[in-house]
>>> print(open('my_file.csv').read())   # CSV, C-alpha atoms
chain,number,residue,atom,x,y,z
S,6,MET,CA,-9.8,81.8,257.4
S,7,GLY,CA,-13.3,80.7,256.7
S,8,ASN,CA,-13.6,83.3,254.0
S,9,GLU,CA,-12.5,81.8,250.7
S,10,GLU,CA,-11.3,85.2,249.4
S,11,GLU,CA,-8.8,85.6,252.2
S,12,THR,CA,-5.2,85.1,251.3
S,13,ALA,CA,-2.1,83.9,253.2
S,14,VAL,CA,1.5,84.2,252.0
S,15,TYR,CA,3.4,81.0,251.1
S,16,VAL,CA,7.2,81.4,251.4
S,17,TYR,CA,9.5,79.3,249.2
S,18,ALA,CA,13.0,80.5,249.8
S,19,VAL,CA,15.1,83.3,251.2
S,20,THR,CA,17.9,85.1,249.3
S,21,ARG,CA,20.0,88.1,249.7
S,22,GLU,CA,18.3,91.1,248.2
S,23,VAL,CA,19.5,91.1,244.6
S,24,PRO,CA,17.7,92.0,241.4
S,25,GLU,CA,18.1,88.4,240.1
S,26,ALA,CA,15.7,87.0,242.7
S,27,GLU,CA,12.8,89.0,241.3
S,28,ALA,CA,13.6,88.2,237.7
S,29,ALA,CA,13.9,84.5,238.4
S,30,VAL,CA,10.3,84.1,239.4
S,31,ALA,CA,8.6,86.9,237.4
S,32,ALA,CA,6.7,84.5,235.2
S,33,LEU,CA,6.8,81.3,237.3
S,34,PRO,CA,3.7,79.8,238.8
S,35,GLY,CA,4.0,78.8,242.4
S,36,VAL,CA,1.9,76.3,244.4
S,37,LEU,CA,-1.7,75.9,243.1
S,38,GLY,CA,-0.7,78.0,240.1
S,39,THR,CA,-0.4,81.2,242.2
S,40,PRO,CA,2.1,84.0,241.2
S,41,VAL,CA,5.4,84.3,243.1
S,42,ARG,CA,6.6,87.7,244.2
S,43,THR,CA,9.4,89.0,246.4
S,44,VAL,CA,9.2,90.5,249.8
S,45,SER,CA,12.3,92.3,251.0
S,46,GLU,CA,13.5,93.6,254.3
S,47,GLY,CA,16.9,94.7,255.5
S,48,GLY,CA,18.9,93.3,252.6
S,49,LEU,CA,17.1,89.9,252.5
S,50,THR,CA,14.4,88.8,250.2
S,51,ALA,CA,11.7,86.1,250.6
S,52,LEU,CA,10.3,84.5,247.5
S,53,ALA,CA,6.7,84.4,248.4
S,54,GLY,CA,3.2,84.3,246.9
S,55,ARG,CA,-0.4,84.7,248.0
S,56,VAL,CA,-2.4,81.6,248.3
S,57,PRO,CA,-6.0,81.0,249.4
S,58,ALA,CA,-5.9,81.0,253.2
S,59,HIS,CA,-8.6,78.5,253.6
S,60,LEU,CA,-6.4,75.9,251.9
S,61,PHE,CA,-3.5,76.3,254.3
S,62,GLY,CA,-5.1,76.1,257.7
S,63,GLU,CA,-3.9,73.1,259.7
S,64,GLU,CA,-6.8,70.8,258.8
S,65,ALA,CA,-7.0,71.9,255.1
S,66,LEU,CA,-3.2,71.6,254.7
S,67,LYS,CA,-3.3,68.1,256.2
S,68,ARG,CA,-5.9,67.0,253.7
S,69,GLN,CA,-3.8,68.4,250.9
S,70,LEU,CA,-0.7,66.7,252.0
S,71,GLU,CA,-2.3,63.4,252.6
S,72,ASP,CA,-3.5,63.3,249.0
S,73,LEU,CA,-0.5,62.0,247.1
S,74,GLU,CA,-1.4,63.8,243.9
S,75,GLN,CA,-1.8,67.2,245.7
S,76,LEU,CA,1.3,66.6,247.7
S,77,GLU,CA,3.3,65.9,244.6
S,78,SER,CA,1.9,68.9,242.8
S,79,MET,CA,2.7,71.2,245.7
S,80,ALA,CA,6.2,69.7,246.2
S,81,ARG,CA,7.0,70.1,242.5
S,82,ALA,CA,5.8,73.7,242.3
S,83,HIS,CA,7.8,74.5,245.5
S,84,ASN,CA,10.9,72.9,244.0
S,85,ALA,CA,10.4,74.6,240.6
S,86,VAL,CA,10.4,78.0,242.3
S,87,VAL,CA,13.5,77.1,244.4
S,88,GLU,CA,15.3,75.8,241.4
S,89,ALA,CA,14.5,78.9,239.3
S,90,VAL,CA,15.9,81.1,242.0
S,91,THR,CA,18.9,78.9,242.7
S,92,ALA,CA,19.8,79.2,239.0
S,93,ARG,CA,20.2,83.0,239.4
S,94,THR,CA,21.4,83.5,242.9
S,95,LEU,CA,22.2,81.7,246.2
S,96,ALA,CA,19.0,80.7,247.9
S,97,LEU,CA,18.0,79.1,251.2
S,98,PRO,CA,15.1,76.8,250.5
S,99,LEU,CA,12.4,76.6,253.1
S,100,ARG,CA,10.5,73.5,254.1
S,101,LEU,CA,7.3,72.7,252.3
S,102,ALA,CA,4.2,74.7,253.4
S,103,THR,CA,5.6,77.6,255.4
S,104,VAL,CA,2.8,80.1,255.4
S,105,TYR,CA,2.3,83.5,256.9
S,106,LEU,CA,-0.8,85.7,257.4
S,107,ASP,CA,0.5,88.5,255.2
S,108,GLU,CA,3.6,90.2,253.7
S,109,GLU,CA,4.2,92.2,256.9
S,110,ARG,CA,4.6,89.0,258.9
S,111,VAL,CA,7.1,87.8,256.3
S,112,ARG,CA,9.1,91.0,256.7
S,113,GLU,CA,9.0,90.6,260.5
S,114,MET,CA,10.3,87.0,260.0
S,115,LEU,CA,13.1,88.3,257.8
S,116,ARG,CA,14.0,90.9,260.5
S,117,GLU,CA,14.0,88.4,263.3
S,118,ARG,CA,16.0,85.7,261.5
S,119,ALA,CA,18.3,88.0,259.6
S,120,GLU,CA,21.5,86.9,261.4
S,121,GLU,CA,20.7,83.2,261.0
S,122,PHE,CA,19.9,83.6,257.3
S,123,ARG,CA,23.1,85.5,256.6
S,124,GLU,CA,25.1,82.8,258.4
S,125,LEU,CA,23.4,80.0,256.5
S,126,LEU,CA,23.7,81.7,253.2
S,127,GLY,CA,27.4,82.3,253.8
S,128,ARG,CA,27.9,78.6,254.6
S,129,LEU,CA,26.0,77.4,251.5
S,130,GLU,CA,27.6,79.9,249.1
S,131,GLY,CA,29.4,78.1,246.2
S,132,HIS,CA,28.0,74.7,247.1
S,133,LEU,CA,25.2,72.5,245.9
S,134,GLU,CA,23.6,69.3,247.2
S,135,LEU,CA,24.0,65.9,245.7
S,136,GLY,CA,22.2,62.8,246.8
S,137,VAL,CA,23.9,59.5,246.9
S,138,LYS,CA,21.9,56.3,247.2
S,139,VAL,CA,23.4,52.8,247.4
S,140,TYR,CA,21.3,49.7,246.6
S,141,ALA,CA,21.9,46.0,247.1
S,142,ASP,CA,20.6,44.6,243.9
S,143,PRO,CA,21.2,40.8,243.4
S,144,GLN,CA,20.0,41.1,239.8
S,145,HIS,CA,22.5,43.8,239.0
S,146,ARG,CA,25.7,42.4,237.6
S,147,PRO,CA,27.8,45.1,236.0
S,148,ALA,CA,30.6,42.7,234.9
S,149,ALA,CA,29.8,39.3,233.4
S,150,SER,CA,33.2,38.0,234.7
S,151,GLU,CA,31.9,38.3,238.2
S,152,GLN,CA,29.6,35.4,237.7
S,153,SER,CA,30.7,32.5,239.9
S,154,GLY,CA,31.5,29.2,238.3
S,155,ALA,CA,28.6,27.6,240.2
S,156,GLY,CA,26.3,30.1,238.5
S,157,GLU,CA,27.5,29.1,235.1
S,158,ARG,CA,27.0,25.4,235.7
S,159,ALA,CA,23.6,25.8,237.3
S,160,PRO,CA,21.3,25.5,234.2
S,161,ALA,CA,23.0,22.3,233.0
S,162,ALA,CA,23.0,20.8,236.5
S,163,ARG,CA,19.4,21.6,237.0
S,164,ALA,CA,18.4,19.7,233.9
S,165,ALA,CA,19.9,16.5,235.3
S,166,VAL,CA,18.3,16.5,238.7
S,167,SER,CA,14.7,16.2,239.9
S,168,PRO,CA,12.5,19.3,239.7
S,169,GLY,CA,12.3,19.5,243.5
S,170,ARG,CA,16.1,19.4,243.9
S,171,ALA,CA,16.5,21.9,241.2
S,172,TYR,CA,14.1,24.2,242.9
S,173,LEU,CA,16.0,23.9,246.2
S,174,GLN,CA,19.3,24.4,244.5
S,175,GLN,CA,17.9,27.5,242.8
S,176,ARG,CA,16.6,28.9,246.0
S,177,ARG,CA,20.0,28.3,247.7
S,178,MET,CA,21.7,30.1,244.9
S,179,GLN,CA,19.3,33.0,245.0
S,180,ARG,CA,19.9,33.3,248.8
S,181,ARG,CA,23.6,33.2,248.3
S,182,SER,CA,23.5,35.8,245.6
S,183,ARG,CA,21.3,38.0,247.8
S,184,GLU,CA,23.6,37.7,250.7
S,185,ASP,CA,26.6,38.4,248.5
S,186,ALA,CA,24.8,41.5,247.2
S,187,TYR,CA,24.2,42.8,250.7
S,188,ARG,CA,27.7,42.2,251.8
S,189,SER,CA,29.1,43.8,248.7
S,190,ALA,CA,26.7,46.7,248.9
S,191,GLU,CA,27.7,47.4,252.5
S,192,GLN,CA,31.3,47.5,251.5
S,193,ALA,CA,30.5,49.6,248.5
S,194,ALA,CA,28.5,52.0,250.7
S,195,ALA,CA,31.5,52.4,253.0
S,196,ALA,CA,33.8,53.0,250.0
S,197,VAL,CA,31.4,55.5,248.5
S,198,ALA,CA,31.0,57.4,251.7
S,199,ALA,CA,34.8,57.5,252.2
S,200,GLU,CA,35.3,58.8,248.7
S,201,ALA,CA,32.4,61.3,249.0
S,202,GLU,CA,33.8,62.8,252.2
S,203,LEU,CA,37.1,63.6,250.5
S,204,ILE,CA,35.2,66.3,248.5
S,205,ALA,CA,32.0,67.1,250.4
S,206,VAL,CA,32.0,69.6,253.2
S,207,ASP,CA,29.0,68.1,255.0
S,208,ARG,CA,26.7,65.1,255.0
S,209,VAL,CA,23.1,64.4,256.1
S,210,ARG,CA,21.7,61.0,256.2
S,211,HIS,CA,18.1,60.6,255.1
S,212,ARG,CA,16.0,57.7,255.9
S,213,LEU,CA,16.3,54.6,253.8
S,214,GLN,CA,13.8,54.6,250.9
S,215,GLN,CA,11.3,51.8,250.8
S,216,GLY,CA,7.7,51.2,249.9
S,217,GLU,CA,5.6,52.2,246.9
S,218,LEU,CA,7.4,55.3,245.9
S,219,ALA,CA,10.8,53.7,246.1
S,220,ALA,CA,10.9,52.7,242.5
S,221,GLY,CA,13.8,50.9,240.9
S,222,PRO,CA,15.3,47.5,241.6
S,223,GLY,CA,17.2,46.6,244.7
S,224,GLN,CA,17.1,47.4,248.4
S,225,ASN,CA,18.2,50.9,249.5
S,226,ILE,CA,20.9,50.6,252.1
S,227,ALA,CA,22.2,54.2,252.1
S,228,ASN,CA,20.4,57.5,251.3
S,229,ASP,CA,22.7,60.4,252.0
S,230,ALA,CA,22.9,64.0,250.9
S,231,TYR,CA,26.3,65.7,250.5
S,232,LEU,CA,27.1,69.4,250.4
S,233,VAL,CA,29.6,69.8,247.6
S,234,PRO,CA,31.6,72.7,246.1
S,235,VAL,CA,30.0,73.6,242.8
S,236,ALA,CA,33.3,73.3,240.9
S,237,GLN,CA,33.8,69.8,242.1
S,238,ALA,CA,30.3,68.5,241.5
S,239,GLU,CA,31.2,66.5,238.4
S,240,GLU,CA,34.3,65.1,239.9
S,241,PHE,CA,32.3,64.1,243.0
S,242,ARG,CA,29.8,62.3,240.9
S,243,ARG,CA,32.4,60.5,238.9
S,244,ARG,CA,34.4,59.4,241.9
S,245,VAL,CA,31.5,58.3,243.9
S,246,LEU,CA,30.1,56.1,241.1
S,247,ALA,CA,33.5,54.6,240.5
S,248,ALA,CA,34.0,53.8,244.2
S,249,GLY,CA,30.6,52.0,244.3
S,250,GLU,CA,31.2,49.7,241.3
S,251,ALA,CA,30.7,46.2,242.5
S,252,PRO,CA,28.7,43.2,241.5
S,253,GLY,CA,25.2,43.3,243.0
S,254,VAL,CA,25.5,46.9,243.9
S,255,ARG,CA,23.9,49.9,242.3
S,256,VAL,CA,24.9,53.5,243.2
S,257,GLU,CA,22.7,56.4,242.2
S,258,VAL,CA,23.7,60.0,242.3
S,259,THR,CA,20.8,62.5,242.3
S,260,GLY,CA,20.8,66.2,241.9
S,261,PRO,CA,22.2,68.7,241.9
S,262,TRP,CA,19.7,69.9,244.4
S,263,ALA,CA,19.2,73.3,246.0
S,264,PRO,CA,20.8,72.7,249.5
S,265,TYR,CA,17.6,71.6,251.2
S,266,SER,CA,19.3,69.1,253.4
S,267,PHE,CA,21.7,71.7,254.7
S,268,ALA,CA,19.3,74.6,255.2
S,269,THR,CA,18.9,74.1,258.9
S,270,PRO,CA,21.6,74.9,261.3
S,271,PRO,CA,23.1,72.0,263.3
S,272,PRO,CA,21.4,71.8,266.6
S,273,ASP,CA,24.4,72.9,268.7
S,274,ALA,CA,25.0,75.9,266.3
S,275,ALA,CA,21.4,77.1,266.4
S,276,PRO,CA,21.4,80.6,267.9
S,277,ALA,CA,19.0,81.0,270.8
S,278,PRO,CA,16.2,82.9,269.0
S,279,ALA,CA,15.7,86.1,271.0
S,280,GLY,CA,12.2,87.2,271.9
S,281,GLU,CA,10.6,84.0,270.8
S,282,GLY,CA,8.5,81.7,272.9
S,283,PRO,CA,8.6,78.0,273.0
S,284,ALA,CA,7.6,77.9,269.3
S,285,GLY,CA,11.3,78.8,268.6
S,286,GLY,CA,12.1,75.2,269.5
S,287,ALA,CA,11.0,74.2,266.0
S,288,VAL,CA,14.5,75.0,264.9
S,289,ALA,CA,16.2,72.8,267.5
S,290,GLY,CA,13.8,70.0,266.6
S,291,ALA,CA,15.1,69.8,263.0
S,292,PRO,CA,18.8,69.0,263.1
S,293,GLY,CA,20.8,70.0,260.1
S,294,SER,CA,22.9,66.9,260.3
S,295,GLY,CA,22.9,63.4,261.6
S,296,GLU,CA,20.3,60.7,261.3
S,297,ARG,CA,16.8,61.6,260.3
W,23,MET,CA,24.0,84.1,236.6
W,24,SER,CA,25.6,85.7,239.5
W,25,ASN,CA,26.3,83.1,242.2
W,26,GLY,CA,23.7,81.0,240.6
W,27,VAL,CA,23.8,77.3,240.1
W,28,ASP,CA,22.1,75.9,237.1
W,29,LEU,CA,20.7,72.8,238.6
W,30,ALA,CA,19.2,71.6,235.3
W,31,GLY,CA,22.4,71.9,233.4
W,32,PHE,CA,24.2,69.2,235.3
W,33,GLU,CA,25.0,66.1,233.3
W,34,GLU,CA,23.0,67.1,230.3
W,35,GLU,CA,23.7,64.1,228.2
W,36,THR,CA,21.7,61.8,230.4
W,37,ALA,CA,18.9,64.3,231.3
W,38,ALA,CA,15.5,63.6,229.9
W,39,PRO,CA,14.9,65.6,226.7
W,40,ALA,CA,11.7,67.1,228.0
W,41,GLY,CA,13.5,68.4,231.2
W,42,ARG,CA,14.6,66.7,234.3
W,43,GLN,CA,11.8,65.2,236.4
W,44,VAL,CA,13.2,64.3,239.8
W,45,ALA,CA,11.8,61.3,241.6
W,46,LEU,CA,9.1,62.3,244.0
W,47,ILE,CA,10.6,60.2,246.9
W,48,ASP,CA,13.9,62.1,246.6
W,49,LEU,CA,12.0,65.4,246.5
W,50,LEU,CA,9.9,64.5,249.6
W,51,ASP,CA,13.1,63.4,251.5
W,52,ARG,CA,14.2,67.0,251.1
W,53,LEU,CA,11.0,69.0,251.3
W,54,LEU,CA,9.6,67.3,254.3
W,55,THR,CA,12.7,66.8,256.4
W,56,GLY,CA,15.0,69.4,254.9
W,57,GLY,CA,14.6,73.0,254.1
W,58,ALA,CA,14.9,75.8,256.6
W,59,VAL,CA,12.2,75.4,259.3
W,60,LEU,CA,10.5,78.6,260.2
W,61,THR,CA,7.5,79.1,262.4
W,62,GLY,CA,4.8,80.1,260.1
W,63,ASP,CA,1.5,81.7,261.1
W,64,LEU,CA,-1.0,79.1,260.0
W,65,VAL,CA,0.9,76.0,260.7
W,66,LEU,CA,4.0,75.8,262.8
W,67,SER,CA,5.7,73.6,260.3
W,68,VAL,CA,5.1,70.4,258.6
W,69,ALA,CA,7.5,68.6,260.9
W,70,ASP,CA,6.0,70.2,264.1
W,71,VAL,CA,2.4,69.2,263.6
W,72,ASP,CA,3.4,65.8,262.2
W,73,LEU,CA,1.0,66.5,259.5
W,74,VAL,CA,2.3,64.0,257.0
W,75,ARG,CA,3.4,61.4,259.4
W,76,ILE,CA,-0.1,60.5,260.2
W,77,ASN,CA,-1.4,59.1,257.0
W,78,LEU,CA,1.1,59.5,254.3
W,79,ARG,CA,3.0,56.6,255.6
W,80,ALA,CA,0.1,54.4,254.5
W,81,VAL,CA,0.5,55.7,251.0
W,82,ILE,CA,4.2,55.9,250.6
W,83,HIS,CA,5.7,53.3,252.8
W,84,SER,CA,4.8,49.7,253.5
W,85,ILE,CA,4.7,50.2,257.2
W,86,GLY,CA,4.9,47.5,259.8
W,87,PRO,CA,5.0,48.0,263.6
W,88,ASP,CA,8.8,47.8,263.5
W,89,SER,CA,9.1,50.3,260.7
W,90,PRO,CA,8.9,53.8,261.9
W,91,ALA,CA,6.9,56.5,260.1
W,92,PRO,CA,8.9,58.3,257.4
W,93,TRP,CA,7.9,61.8,258.1
>>> encode(input="my_file.csv", output="C-alpha cells")
Amino acid sequence: MGNEEETAVYVYAVTREVPEAEAAVAALPGVLGTPVRTVSEGGLTALAGRVPAHLFGEEALKRQLEDLEQLESMARAHNAVVEAVTARTLALPLRLATVYLDEERVREMLRERAEEFRELLGRLEGHLELGVKVYADPQHRPAASEQSGAGERAPAARAAVSPGRAYLQQRRMQRRSREDAYRSAEQAAAAVAAEAELIAVDRVRHRLQQGELAAGPGQNIANDAYLVPVAQAEEFRRRVLAAGEAPGVRVEVTGPWAPYSFATPPPDAAPAPAGEGPAGGAVAGAPGSGER
Amino acid sequence: MSNGVDLAGFEEETAAPAGRQVALIDLLDRLLTGGAVLTGDLVLSVADVDLVRINLRAVIHSIGPDSPAPW
C-alpha cells in the first residue's frame, strides 16, 4: 500500500449480470476520475474500478473524507455511477468507499453474499427511493389568508407605541409565530407520514438535518426516506406535498434516488453470514430500517 | 431500459436545465448511513471505523455536547 502504483478495487453497486450494466458505465468516470468496469461472478455483477491503493488505506481515506471538497467529489462520483447503472437496470448501491484488494476478492465477495444480494434485489425491484423532509418555517406563508388579524394590525399599532414596547410586541409575535409554525409543522409531518405510508412499502428515518450544509430556510423536523413503487412515484410526490400544505410548514420531496436507504437488510432479517468471523457483524450494525 | 429507473427524468419541468445537482447533505445521508454495507479489504466500512464521525461533524454540523455526531 506504500507503493503509489498499487491499485485497489472500489465497488459502487451490485446488479444481476446483464449486458446493460456494462454499457451504463462504459464511458463514465468513477471516483478520482478512474474508469469503471464490471466484475461478474455467478450471475451477479459488481460495478467496480481500480483506484490508487495508497489513497484508500484507513488513514488516507480518513483524510480524504474529512476534507469536505474531496468528500463531495467522491460522493458525487459514486452517485453518478450508481445513477447511470440504475437508469439501465436494477442496482443495489453500496456504501461510500467499499474497497477490495483486487478483482478476485470482489468475485469472492459476490460468491459469499450471492443469496443476500438476490434477496435484496428482489425486494427493491420496481421501486425507487424518495426523500421527504418537513420543515417548520415561520417565514413561510403559503396562503396570505392565513395571516392572523393581529398580524395585520401590528405595523399600525407599532407606530403608535414607544419603540421599546413595539420591540417587545414584535418579539412576542415572532415567538408566537415560531410556536405556531412548530405545532403546525408537527401536525403536517404526521399527515405527510400517514399519506406517504399509504403508497410506500418501507420507510427509513434519517437524522434531522442541521448545520452548515442544511441550506434553506426553516428547521428540519422530519427527514425520511420511502421506498415507493416506480409507477406511483409521481402520485406519491403529489399527495405528500398536498398533505403537508399548511402555514409555516415547508415540505420537500427529494429524489428519486437509487434505493440507498433500503440497501441493507433489516437487522432481524439479516442472514447469519456463513464462514465469516466477527467482521460479519458489520451488517447487523447497519439496520435497514428504524432510527439512524 | 430494462428494469431501469431514469432517476433524472423525474419531474423534468422543475429540474435544473444543466442537470439535476442533488444537495450534498441529502447525498451524504444516503452514502454514509445507507447503501449496502460490505466488509471491504482496506477499510471495514465507513460506518465501522467511524471515519467520518470524528471530524466531519465539525465541518457539517454545528455540534454541541447534546447534539450527537451525524455519522
>>> residues_around(input="my_file.csv", residues="stretch 190-202 of chain S", least_positions_apart="3", cutoff="12 Å", atoms="all atoms listed in the file", output="NGL selection string")
:S and (135-143 or 145 or 182-187 or 205-210 or 223-234 or 237-258)
>>> closest_residue(input="my_file.csv", among="S:Val87, S:Leu99, S:Leu126, S:Ala53", to="chain W", atoms="all atoms listed in the file")
S:Leu99
>>> interface_residues(input="my_file.csv", of="chain S", to="chain W", cutoff="6 Å", atoms="only C-alpha atoms", output="ChimeraX atom specification")
/S:62-63,67,71,91-95,98-101,103-106,216-218,261,265-266,268-269
>>> atom_distance(input="my_file.csv", atom1="atom CA of S:Gln75", atom2="atom CA of S:Thr20")
26.9 Å
>>> atom_distance(input="my_file.csv", atom1="atom CA of S:Tyr15", atom2="atom CA of S:Ala102")
6.8 Å
>>> closest_residue(input="my_file.csv", among="S:Arg21, S:Arg212, S:Arg116, S:Arg68", to="S:Leu52", atoms="only C-alpha atoms")
S:Arg21
>>> atom_distance(input="my_file.csv", atom1="atom CA of S:Thr43", atom2="atom CA of S:Glu124")
20.7 Å
>>> build_atoms(input="my_file.csv", residues="stretch 124-137 of chain S", atoms="N, CA and C atoms", output="PDB file, keeping the file's coordinate frame")
ATOM      1  N   GLU S 124      24.112  83.846 258.044  1.00  0.00           N
ATOM      2  CA  GLU S 124      25.100  82.800 258.400  1.00  0.00           C
ATOM      3  C   GLU S 124      24.923  81.582 257.494  1.00  0.00           C
ATOM      4  N   LEU S 125      23.686  81.159 257.339  1.00  0.00           N
ATOM      5  CA  LEU S 125      23.400  80.000 256.500  1.00  0.00           C
ATOM      6  C   LEU S 125      23.778  80.225 255.045  1.00  0.00           C
ATOM      7  N   LEU S 126      23.388  81.398 254.545  1.00  0.00           N
ATOM      8  CA  LEU S 126      23.700  81.700 253.200  1.00  0.00           C
ATOM      9  C   LEU S 126      25.206  81.747 252.947  1.00  0.00           C
ATOM     10  N   GLY S 127      25.918  82.261 253.918  1.00  0.00           N
ATOM     11  CA  GLY S 127      27.400  82.300 253.800  1.00  0.00           C
ATOM     12  C   GLY S 127      27.959  80.898 253.761  1.00  0.00           C
ATOM     13  N   ARG S 128      27.397  80.004 254.534  1.00  0.00           N
ATOM     14  CA  ARG S 128      27.900  78.600 254.600  1.00  0.00           C
ATOM     15  C   ARG S 128      27.601  77.881 253.286  1.00  0.00           C
ATOM     16  N   LEU S 129      26.466  78.187 252.671  1.00  0.00           N
ATOM     17  CA  LEU S 129      26.000  77.400 251.500  1.00  0.00           C
ATOM     18  C   LEU S 129      26.624  78.023 250.194  1.00  0.00           C
ATOM     19  N   GLU S 130      27.114  79.248 250.273  1.00  0.00           N
ATOM     20  CA  GLU S 130      27.600  79.900 249.100  1.00  0.00           C
ATOM     21  C   GLU S 130      28.641  79.033 248.343  1.00  0.00           C
ATOM     22  N   GLY S 131      28.434  78.902 247.047  1.00  0.00           N
ATOM     23  CA  GLY S 131      29.400  78.100 246.200  1.00  0.00           C
ATOM     24  C   GLY S 131      29.250  76.641 246.354  1.00  0.00           C
ATOM     25  N   HIS S 132      28.176  76.184 246.981  1.00  0.00           N
ATOM     26  CA  HIS S 132      28.000  74.700 247.100  1.00  0.00           C
ATOM     27  C   HIS S 132      26.633  74.307 246.586  1.00  0.00           C
ATOM     28  N   LEU S 133      26.530  73.046 246.284  1.00  0.00           N
ATOM     29  CA  LEU S 133      25.200  72.500 245.900  1.00  0.00           C
ATOM     30  C   LEU S 133      25.111  71.131 246.628  1.00  0.00           C
ATOM     31  N   GLU S 134      23.883  70.610 246.570  1.00  0.00           N
ATOM     32  CA  GLU S 134      23.600  69.300 247.200  1.00  0.00           C
ATOM     33  C   GLU S 134      23.522  68.216 246.217  1.00  0.00           C
ATOM     34  N   LEU S 135      24.172  67.107 246.512  1.00  0.00           N
ATOM     35  CA  LEU S 135      24.000  65.900 245.700  1.00  0.00           C
ATOM     36  C   LEU S 135      23.544  64.769 246.568  1.00  0.00           C
ATOM     37  N   GLY S 136      22.656  63.965 246.028  1.00  0.00           N
ATOM     38  CA  GLY S 136      22.200  62.800 246.800  1.00  0.00           C
ATOM     39  C   GLY S 136      22.940  61.576 246.314  1.00  0.00           C
ATOM     40  N   VAL S 137      23.257  60.706 247.251  1.00  0.00           N
ATOM     41  CA  VAL S 137      23.900  59.500 246.900  1.00  0.00           C
ATOM     42  C   VAL S 137      23.151  58.303 247.535  1.00  0.00           C
TER      43      VAL S 137
END
